[in-house]
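A.B. asks: Below is one structure. I have some questions about it.
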Amino acid sequence: MHPEPALPTSTADDVADLGRRVLDSVRTAVVGMDDPLTIALAAVLAGGHVLFEDVPGLGKTLAARSLATALGLDFRRLQCTPDMLPGDVTGSYVYAPDTGEFRFRPGPIFTGLLLADEINRTTPKTQSAMLEAMAERQVTVEGTRFPLPAPFHVIATSNPIEYEGTYALPEAQLDRFMVRLSVGYPTAEGETQIILDRVRRQSPDAVVEQVLDAGGLLRLQRVVETIHVDPDIARYCTDLARATRTAQHVAVGASPRGSQGLVLLGRAFAALDGRAYVRPDDIKHLAVPVLAHRLTLTPQAWAQGVDPASVVSAAVAQVPVPPTVAQPR
């Protein structure tokens with residue numbers, strides 16, 4: 001399959017068609033992750049970053065690599081370790097003996113899609129090296145600004161059950177991720193299919209066909225920016241975020257970046273469904289992945305086994321849903 005030709009893409013139907021082809025391509029390597037993969041693709045189309053948080057061995061790294069291949073993005077993998085330095089991420093100046101000058105050598109963050117594998121295994125100082133890149137699409141080294149290529153996205157993985165040799169991501173870092181997704185264990189049928197696919201390939205490497213290129217992804221992202229958002233939908237997103245700030249067991253609720261993330265991701269999710277407008281059901285489906293990781297619970301909540309996802313689900317159940325949203329004319 002060849003990448004899409006450089007033709008303008010102008011409708012939500014185009015986004016839905018190409019998005020379906022991207023997901024079909026990824027599914028040739030990844031089994032049983034339909035909803036997380038769809039939300040991850042929507043986050044990329046919305047210009048955001050993705051955090052996969054789950055136990056090892058569930059295919060998070062494979063999913064990130066397969067998505068990058070199908071989208072036609074340059075891909076770099078950063079295996080995070082405790083001894084990693086910020087310069088190992090951003091790059092640094094090195095001495096060039098031939099000229100007697102220091103030249104900037106770009107780090108792995110200069111790519112289309114960066115996989116930060118086991119991001120919680122590196123120190124907060126190194127984690128913070130990604131903050132500027134994720135928020136402003138640039139890095140600053142020795143006072144010099146270096147813009148990152150467009151598109152630029154980070155997909156990170158994190159192991160939530162192991163604490164030895166790990167560093168919890170600070171709230172500012174978590175807030176840079178548009179969504180946090182949990183893959184979960186596959187069904188018995190899905191797990192059997194993973195084994196049979198490996199036996200059939202006679203190779204550990206799964207082949208994922210490229211559907212788009214970087215220019216094609218930028219065109220789809222421009223279409224997502226045109227998706228209609230009714231004022232009632234925007235207010236609904238605001239009310240959900242505000243509800244988390246006054247919820248029981250919550251010390252710090254979702255910031256305005258959370259409500260904005262709901263709107264941005266809702267537009268991409270609607271476009272993948274072939275719609276030019278966002279529905280309340282889109283927001284309800286996306287509320288937990290977008291808002292849960294932005295909450296800071298009280299110590300009593302942790303002691304009682306309360307988790308942020310349940311707090312967001314309770315807010316979704318309590319906040320009034322806006323009336324049916326009419327299609328834009």
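Each chain in the structure tokens gets a letter, A, B and so on, in the order shown; residues start at 1 in every chain, and ligands are counted from 1 in the order they appear.
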Looking only at strand (DSSP E) from DSSP on the backbone, list the matching residues of segment 98-300 of chain A as a ChimeraX atom specification.

C.D. replies: /A:101-106,113-117,138-141,144-147,153-158,179-181,250-252,296-297

A.B. asks: How about saving the chosen residues, N, CA and C atoms kept, as a CSV table (one decimal), in the first residue's frame?

C.D. replies:
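File written: part34.csv
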```
chain,number,residue,atom,x,y,z
A,101,GLU,N,34.7,24.3,16.9
A,101,GLU,CA,33.5,24.8,17.4
A,101,GLU,C,32.6,23.8,18.1
A,102,PHE,N,31.6,24.2,18.8
A,102,PHE,CA,30.6,23.3,19.4
A,102,PHE,C,29.4,23.3,18.4
A,103,ARG,N,29.0,22.1,18.1
A,103,ARG,CA,27.8,21.9,17.2
A,103,ARG,C,26.7,21.2,18.0
A,104,PHE,N,25.5,21.6,17.6
A,104,PHE,CA,24.4,21.0,18.3
A,104,PHE,C,24.1,19.6,17.6
A,105,ARG,N,24.0,18.6,18.4
A,105,ARG,CA,23.6,17.3,17.9
A,105,ARG,C,22.2,16.9,18.4
A,106,PRO,N,21.2,16.9,17.5
A,106,PRO,CA,19.8,16.7,18.0
A,106,PRO,C,19.7,15.4,18.7
A,113,LEU,N,7.2,10.9,15.8
A,113,LEU,CA,6.6,10.3,17.0
A,113,LEU,C,7.6,9.7,17.9
A,114,LEU,N,7.7,10.1,19.1
A,114,LEU,CA,8.6,9.7,20.1
A,114,LEU,C,7.9,8.7,21.0
A,115,LEU,N,8.5,7.5,21.1
A,115,LEU,CA,8.0,6.6,22.1
A,115,LEU,C,8.9,6.6,23.3
A,116,ALA,N,8.4,7.2,24.4
A,116,ALA,CA,9.1,7.2,25.7
A,116,ALA,C,8.7,6.0,26.5
A,117,ASP,N,9.5,4.9,26.3
A,117,ASP,CA,9.1,3.6,26.9
A,117,ASP,C,9.5,3.6,28.4
A,138,GLN,N,9.1,22.7,20.8
A,138,GLN,CA,10.4,23.2,20.7
A,138,GLN,C,11.2,22.7,21.9
A,139,VAL,N,12.6,22.8,21.8
A,139,VAL,CA,13.4,22.6,22.9
A,139,VAL,C,14.4,23.7,23.0
A,140,THR,N,14.9,24.0,24.2
A,140,THR,CA,15.9,25.1,24.4
A,140,THR,C,17.1,24.4,25.0
A,141,VAL,N,18.2,24.6,24.3
A,141,VAL,CA,19.5,24.0,24.8
A,141,VAL,C,20.5,25.1,24.8
A,144,THR,N,19.5,28.4,23.4
A,144,THR,CA,19.1,28.5,21.9
A,144,THR,C,17.9,27.6,21.7
A,145,ARG,N,16.9,28.2,21.0
A,145,ARG,CA,15.7,27.5,20.7
A,145,ARG,C,15.8,26.7,19.4
A,146,PHE,N,15.3,25.4,19.5
A,146,PHE,CA,15.3,24.6,18.3
A,146,PHE,C,13.9,24.1,18.1
A,147,PRO,N,13.2,24.5,17.0
A,147,PRO,CA,11.9,24.0,16.8
A,147,PRO,C,11.9,22.5,16.4
A,153,HIS,N,4.6,14.2,18.1
A,153,HIS,CA,3.7,13.6,19.1
A,153,HIS,C,4.6,12.7,20.0
A,154,VAL,N,4.2,12.6,21.2
A,154,VAL,CA,4.8,11.7,22.2
A,154,VAL,C,3.8,10.6,22.6
A,155,ILE,N,4.2,9.3,22.5
A,155,ILE,CA,3.4,8.3,23.1
A,155,ILE,C,4.3,7.6,24.2
A,156,ALA,N,3.9,7.7,25.4
A,156,ALA,CA,4.7,7.2,26.5
A,156,ALA,C,4.0,6.0,27.2
A,157,THR,N,4.8,5.1,27.7
A,157,THR,CA,4.3,3.9,28.5
A,157,THR,C,4.7,4.0,29.9
A,158,SER,N,3.9,3.5,30.8
A,158,SER,CA,4.2,3.6,32.2
A,158,SER,C,3.7,2.3,32.9
A,179,VAL,N,-4.5,12.2,26.8
A,179,VAL,CA,-5.2,11.1,27.4
A,179,VAL,C,-4.2,10.1,28.1
A,180,ARG,N,-4.8,9.4,29.1
A,180,ARG,CA,-4.1,8.3,29.7
A,180,ARG,C,-5.0,7.1,29.4
A,181,LEU,N,-4.4,6.0,28.8
A,181,LEU,CA,-5.2,4.9,28.4
A,181,LEU,C,-4.7,3.6,29.1
A,250,VAL,N,-11.1,14.6,46.3
A,250,VAL,CA,-10.2,15.2,45.4
A,250,VAL,C,-9.6,16.4,46.0
A,251,ALA,N,-8.2,16.4,46.0
A,251,ALA,CA,-7.5,17.6,46.5
A,251,ALA,C,-7.3,18.7,45.5
A,252,VAL,N,-7.0,18.2,44.2
A,252,VAL,CA,-6.9,19.2,43.1
A,252,VAL,C,-7.6,18.6,41.9
A,296,THR,N,-5.7,15.0,41.5
A,296,THR,CA,-4.9,14.6,42.7
A,296,THR,C,-5.8,14.3,43.8
A,297,LEU,N,-5.8,13.1,44.3
A,297,LEU,CA,-6.7,12.6,45.4
A,297,LEU,C,-6.1,12.9,46.7
```

A.B. asks: Could you name the residues that touch segment 32-45 of chain A at 9 Å or less, counting only C-alpha atoms, but leaving out those on the same chain fewer than 5 positions away, as a PDB file with C-alpha atoms, in the first residue's frame?

C.D. replies:
```pdb
ATOM      1  CA  GLY A  19      -8.693   6.685  10.064  1.00  0.00           C
ATOM      2  CA  VAL A  22      -4.963   3.321   9.666  1.00  0.00           C
ATOM      3  CA  LEU A  23      -6.664   1.279  12.391  1.00  0.00           C
ATOM      4  CA  VAL A  26      -2.478  -1.415  12.986  1.00  0.00           C
ATOM      5  CA  ARG A  27      -4.807  -4.327  13.761  1.00  0.00           C
ATOM      6  CA  VAL A  50      -0.777   9.743  24.699  1.00  0.00           C
ATOM      7  CA  LEU A  51       0.180   7.890  27.894  1.00  0.00           C
ATOM      8  CA  PHE A  52      -0.377   4.120  27.978  1.00  0.00           C
ATOM      9  CA  ALA A  63       0.809  -0.443  19.450  1.00  0.00           C
ATOM     10  CA  LEU A  67       0.580   3.504  14.851  1.00  0.00           C
ATOM     11  CA  HIS A 153       3.729  13.577  19.116  1.00  0.00           C
ATOM     12  CA  ILE A 155       3.427   8.256  23.125  1.00  0.00           C
ATOM     13  CA  MET A 178      -4.124  14.587  26.355  1.00  0.00           C
ATOM     14  CA  VAL A 179      -5.192  11.079  27.387  1.00  0.00           C
ATOM     15  CA  LEU A 181      -5.178   4.871  28.421  1.00  0.00           C
ATOM     16  CA  SER A 182      -5.266   1.423  29.946  1.00  0.00           C
ATOM     17  CA  VAL A 183      -4.954  -1.500  27.544  1.00  0.00           C
ATOM     18  CA  GLY A 184      -6.146  -4.300  29.813  1.00  0.00           C
ATOM     19  CA  TYR A 185      -5.715  -8.017  29.340  1.00  0.00           C
ATOM     20  CA  PRO A 186      -7.042  -9.457  26.070  1.00  0.00           C
ATOM     21  CA  THR A 187      -9.925 -11.896  25.985  1.00  0.00           C
ATOM     22  CA  GLY A 190      -7.771 -12.439  21.551  1.00  0.00           C
ATOM     23  CA  GLU A 191      -4.850 -13.960  23.439  1.00  0.00           C
ATOM     24  CA  LEU A 217      -1.608  13.626   8.844  1.00  0.00           C
ATOM     25  CA  LEU A 218      -1.281  17.407   8.937  1.00  0.00           C
ATOM     26  CA  LEU A 220      -6.345  15.460   8.624  1.00  0.00           C
ATOM     27  CA  GLN A 221      -5.459  17.546  11.663  1.00  0.00           C
ATOM     28  CA  ARG A 222      -6.576  20.667   9.808  1.00  0.00           C
ATOM     29  CA  VAL A 224     -10.360  18.184  12.758  1.00  0.00           C
ATOM     30  CA  LEU A 264     -10.264  18.930  21.158  1.00  0.00           C
ATOM     31  CA  LEU A 265     -10.429  15.158  21.483  1.00  0.00           C
ATOM     32  CA  GLY A 266     -14.196  15.185  21.005  1.00  0.00           C
ATOM     33  CA  ARG A 267     -13.746  16.862  17.621  1.00  0.00           C
ATOM     34  CA  ALA A 268     -11.268  14.217  16.469  1.00  0.00           C
ATOM     35  CA  PHE A 269     -13.464  11.411  17.787  1.00  0.00           C
ATOM     36  CA  ALA A 270     -16.434  12.840  15.887  1.00  0.00           C
ATOM     37  CA  ALA A 271     -14.387  13.137  12.679  1.00  0.00           C
ATOM     38  CA  LEU A 272     -13.326   9.494  12.950  1.00  0.00           C
ATOM     39  CA  LEU A 286     -13.799  10.340  26.532  1.00  0.00           C
ATOM     40  CA  PRO A 289      -9.227   9.021  29.572  1.00  0.00           C
TER      41      PRO A 289
END
```

A.B. asks: So which one's closest to Leu295 of chain A, A:Asp205, A:Glu189, A:Asp197, A:Glu171? Using only C-alpha atoms, please.

C.D. replies: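 Closest to Leu295 of chain A of all the choices is A:Glu171.
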
A.B. asks: Produce a table with one row for each residue of segment 261-280 of chain A that has an atom at most 12 Å from any atom of segment 318-322 of chain A, each row naming the nearest atom pair and its distance in Å at one decimal; use only C-alpha atoms; arrange rows by chain and rising residue number; format as JSON lines.

C.D. replies:
```
{"residue": "A:Val278", "atom": "CA", "partner": "A:Pro322", "partner_atom": "CA", "distance": 11.8}
{"residue": "A:Arg279", "atom": "CA", "partner": "A:Pro322", "partner_atom": "CA", "distance": 9.4}
{"residue": "A:Pro280", "atom": "CA", "partner": "A:Val321", "partner_atom": "CA", "distance": 6.9}
```

A.B. asks: Would you kindly return, as a PyMOL selection string, each protein, DNA or RNA residue with an atom no farther than 9 Å from any atom of segment 123-136 of chain A, considering only C-alpha atoms and excluding same-chain residues fewer than 4 positions away?

C.D. replies: chain A and resi 48-49+80-90+109+119+140+147-148+152-154+166-170+172-173+176-177

A.B. asks: For the residues selected in the previous step, produce a file with C-alpha atoms as a PDB file, in the first residue's frame.

C.D. replies:
```
ATOM      1  CA  GLY A  48      -2.101  15.659  21.559  1.00  0.00           C
ATOM      2  CA  HIS A  49       0.127  13.170  23.330  1.00  0.00           C
ATOM      3  CA  CYS A  80      13.940   5.465  29.833  1.00  0.00           C
ATOM      4  CA  THR A  81      16.365   4.526  32.623  1.00  0.00           C
ATOM      5  CA  PRO A  82      17.346   6.148  35.952  1.00  0.00           C
ATOM      6  CA  ASP A  83      20.766   7.226  34.666  1.00  0.00           C
ATOM      7  CA  MET A  84      19.378   9.057  31.633  1.00  0.00           C
ATOM      8  CA  LEU A  85      20.161  12.780  31.421  1.00  0.00           C
ATOM      9  CA  PRO A  86      18.074  15.593  29.856  1.00  0.00           C
ATOM     10  CA  GLY A  87      20.634  15.903  27.058  1.00  0.00           C
ATOM     11  CA  ASP A  88      19.952  12.280  26.135  1.00  0.00           C
ATOM     12  CA  VAL A  89      16.446  13.423  25.207  1.00  0.00           C
ATOM     13  CA  THR A  90      16.888  16.895  23.742  1.00  0.00           C
ATOM     14  CA  ILE A 109      13.054  13.988  20.488  1.00  0.00           C
ATOM     15  CA  ILE A 119       8.778   6.956  31.235  1.00  0.00           C
ATOM     16  CA  THR A 140      15.870  25.061  24.393  1.00  0.00           C
ATOM     17  CA  PRO A 147      11.864  23.964  16.758  1.00  0.00           C
ATOM     18  CA  LEU A 148      10.676  20.389  16.456  1.00  0.00           C
ATOM     19  CA  PHE A 152       5.314  15.935  16.596  1.00  0.00           C
ATOM     20  CA  HIS A 153       3.729  13.577  19.116  1.00  0.00           C
ATOM     21  CA  VAL A 154       4.793  11.657  22.197  1.00  0.00           C
ATOM     22  CA  THR A 166      10.603   4.281  39.383  1.00  0.00           C
ATOM     23  CA  TYR A 167       9.686   7.962  39.692  1.00  0.00           C
ATOM     24  CA  ALA A 168       6.039   8.961  39.651  1.00  0.00           C
ATOM     25  CA  LEU A 169       5.223  11.492  36.958  1.00  0.00           C
ATOM     26  CA  PRO A 170       4.568  14.924  38.503  1.00  0.00           C
ATOM     27  CA  ALA A 172       2.677  19.062  35.425  1.00  0.00           C
ATOM     28  CA  GLN A 173       4.019  16.192  33.310  1.00  0.00           C
ATOM     29  CA  ARG A 176       0.758  17.459  29.134  1.00  0.00           C
ATOM     30  CA  PHE A 177      -0.761  14.147  28.019  1.00  0.00           C
TER      31      PHE A 177
END
```

A.B. asks: Quick one, how far is atom CA of Leu62 of chain A from atom CA of Val31 of chain A?

C.D. replies: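 A separation of 10.4 Å between them.
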
A.B. asks: Considering only C-alpha atoms, can you say which of A:Val312, A:Leu58, A:Leu71, A:Cys237 comes closest to Arg21 of chain A?

C.D. replies: A:Leu71

A.B. asks: Just the number, please: distance in Å from atom CA of Arg65 of chain A to atom CA of Tyr93 of chain A, one decimal.

C.D. replies: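 Interatomic distance here is 28.9 Å.
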
A.B. asks: Which one of A:Ile233, A:Thr69, A:Pro56, A:Ala309 sits closest to Asp282 of chain A if you count only C-alpha atoms?

C.D. replies: A:Ile233

A.B. asks: Looking at A:Arg235, A:His293, A:Arg121, A:Arg20, which one is nearest to Val211 of chain A, with distances taken over only C-alpha atoms?

C.D. replies: A:Arg20

A.B. asks: Name the residues of segment 186-245 of chain A that fall into helix (DSSP H, G or I) according to DSSP on the backbone, using the chain letters and numbers of this document, as a ChimeraX atom specification.

C.D. replies: /A:188-201,214-224,231-245

A.B. asks: What does the file look like for those residues with C-alpha atoms, as a JSON list (two decimals), in the first residue's frame?

C.D. replies:
```
[["chain", "number", "residue", "atom", "x", "y", "z"],
["A", 188, "ALA", "CA", -9.19, -15.61, 25.77],
["A", 189, "GLU", "CA", -9.96, -15.49, 22.04],
["A", 190, "GLY", "CA", -7.77, -12.44, 21.55],
["A", 191, "GLU", "CA", -4.85, -13.96, 23.44],
["A", 192, "THR", "CA", -5.15, -17.14, 21.38],
["A", 193, "GLN", "CA", -5.20, -15.03, 18.21],
["A", 194, "ILE", "CA", -1.97, -13.29, 19.28],
["A", 195, "ILE", "CA", -0.27, -16.68, 19.62],
["A", 196, "LEU", "CA", -1.60, -18.02, 16.32],
["A", 197, "ASP", "CA", -0.59, -14.84, 14.46],
["A", 198, "ARG", "CA", 2.96, -15.21, 15.82],
["A", 199, "VAL", "CA", 3.09, -18.87, 14.73],
["A", 200, "ARG", "CA", 1.74, -18.00, 11.29],
["A", 201, "ARG", "CA", 4.27, -15.19, 10.70],
["A", 214, "ALA", "CA", 3.41, 13.35, 7.65],
["A", 215, "GLY", "CA", 1.79, 15.76, 5.19],
["A", 216, "GLY", "CA", -1.35, 13.64, 5.06],
["A", 217, "LEU", "CA", -1.61, 13.63, 8.84],
["A", 218, "LEU", "CA", -1.28, 17.41, 8.94],
["A", 219, "ARG", "CA", -4.15, 17.68, 6.45],
["A", 220, "LEU", "CA", -6.35, 15.46, 8.62],
["A", 221, "GLN", "CA", -5.46, 17.55, 11.66],
["A", 222, "ARG", "CA", -6.58, 20.67, 9.81],
["A", 223, "VAL", "CA", -9.92, 19.01, 9.07],
["A", 224, "VAL", "CA", -10.36, 18.18, 12.76],
["A", 231, "PRO", "CA", -21.70, 26.15, 22.88],
["A", 232, "ASP", "CA", -23.71, 23.68, 24.96],
["A", 233, "ILE", "CA", -21.02, 21.04, 24.36],
["A", 234, "ALA", "CA", -18.29, 23.46, 25.42],
["A", 235, "ARG", "CA", -20.23, 24.29, 28.59],
["A", 236, "TYR", "CA", -20.77, 20.56, 29.24],
["A", 237, "CYS", "CA", -17.01, 19.99, 29.11],
["A", 238, "THR", "CA", -16.48, 22.92, 31.47],
["A", 239, "ASP", "CA", -19.09, 21.59, 33.90],
["A", 240, "LEU", "CA", -17.46, 18.14, 33.94],
["A", 241, "ALA", "CA", -14.04, 19.60, 34.71],
["A", 242, "ARG", "CA", -15.47, 21.89, 37.39],
["A", 243, "ALA", "CA", -17.33, 18.96, 38.98],
["A", 244, "THR", "CA", -14.02, 17.20, 39.59],
["A", 245, "ARG", "CA", -12.72, 20.22, 41.52]]
```
